[in-house]
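**Student:** Take a look at this one; I'll ask things after.
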Amino acid sequence: MSIKVPGHEFDCGKLKDVLPDYLDRTLREQVCSEIKAHLADCEDCRIYVETIETTIVLYKHCPDRDVPEEIRIDLRRSLRASIEQKRRGEDES
Ligand SMILES: [Zn+2]
């Protein structure tokens, strides 16, 4: 159940849009707090973010100190692909 707060236009679609950047910690602090506020209200997105974060944490716990750049790019790419695929599925329904 999501609560509509006036002036708070952060919805599920926008969250999925900025999620790769959020997980990359490249977003502005203000956007991050908007995401956290949305996650507090929206269980769907919470589960979604947790699933993706788990994947990324697994990468970060690789025995290798640094994840090779090509894997990071690959991860970002598949992340975006799955997000776009999910969004497309929602549009069709
Ligand atoms: Zn949501």
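By order of appearance in the structure tokens: chains A, B, ..., then residues from 1 within every chain, and ligands from 1 in the order shown.
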Report as a PyMOL selection string which protein, DNA and RNA residues come within 12 Å of ligand 1, using only C-alpha atoms and all ligand atoms.
**Tutor:** chain A and resi 1-4+9-17+19+34-49
**Student:** To one decimal place, how far is atom CA of Gly89 of chain A from atom CA of Leu75 of chain A in Å?
**Tutor:**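 Going from atom CA of Gly89 of chain A over to atom CA of Leu75 of chain A covers 21.0 Å.
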**Student:** May I ask for the distance between atom CA of Gln30 of chain A and atom CA of Glu69 of chain A, given in Å to one decimal place?
**Tutor:** 27.7 Å
**Student:** For atom CA of Arg80 of chain A and atom CA of Pro20 of chain A, determine how far apart the two atoms are, in Å to one decimal place.
**Tutor:**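 Spanning atom CA of Arg80 of chain A to atom CA of Pro20 of chain A is a straight-line distance of 7.1 Å.
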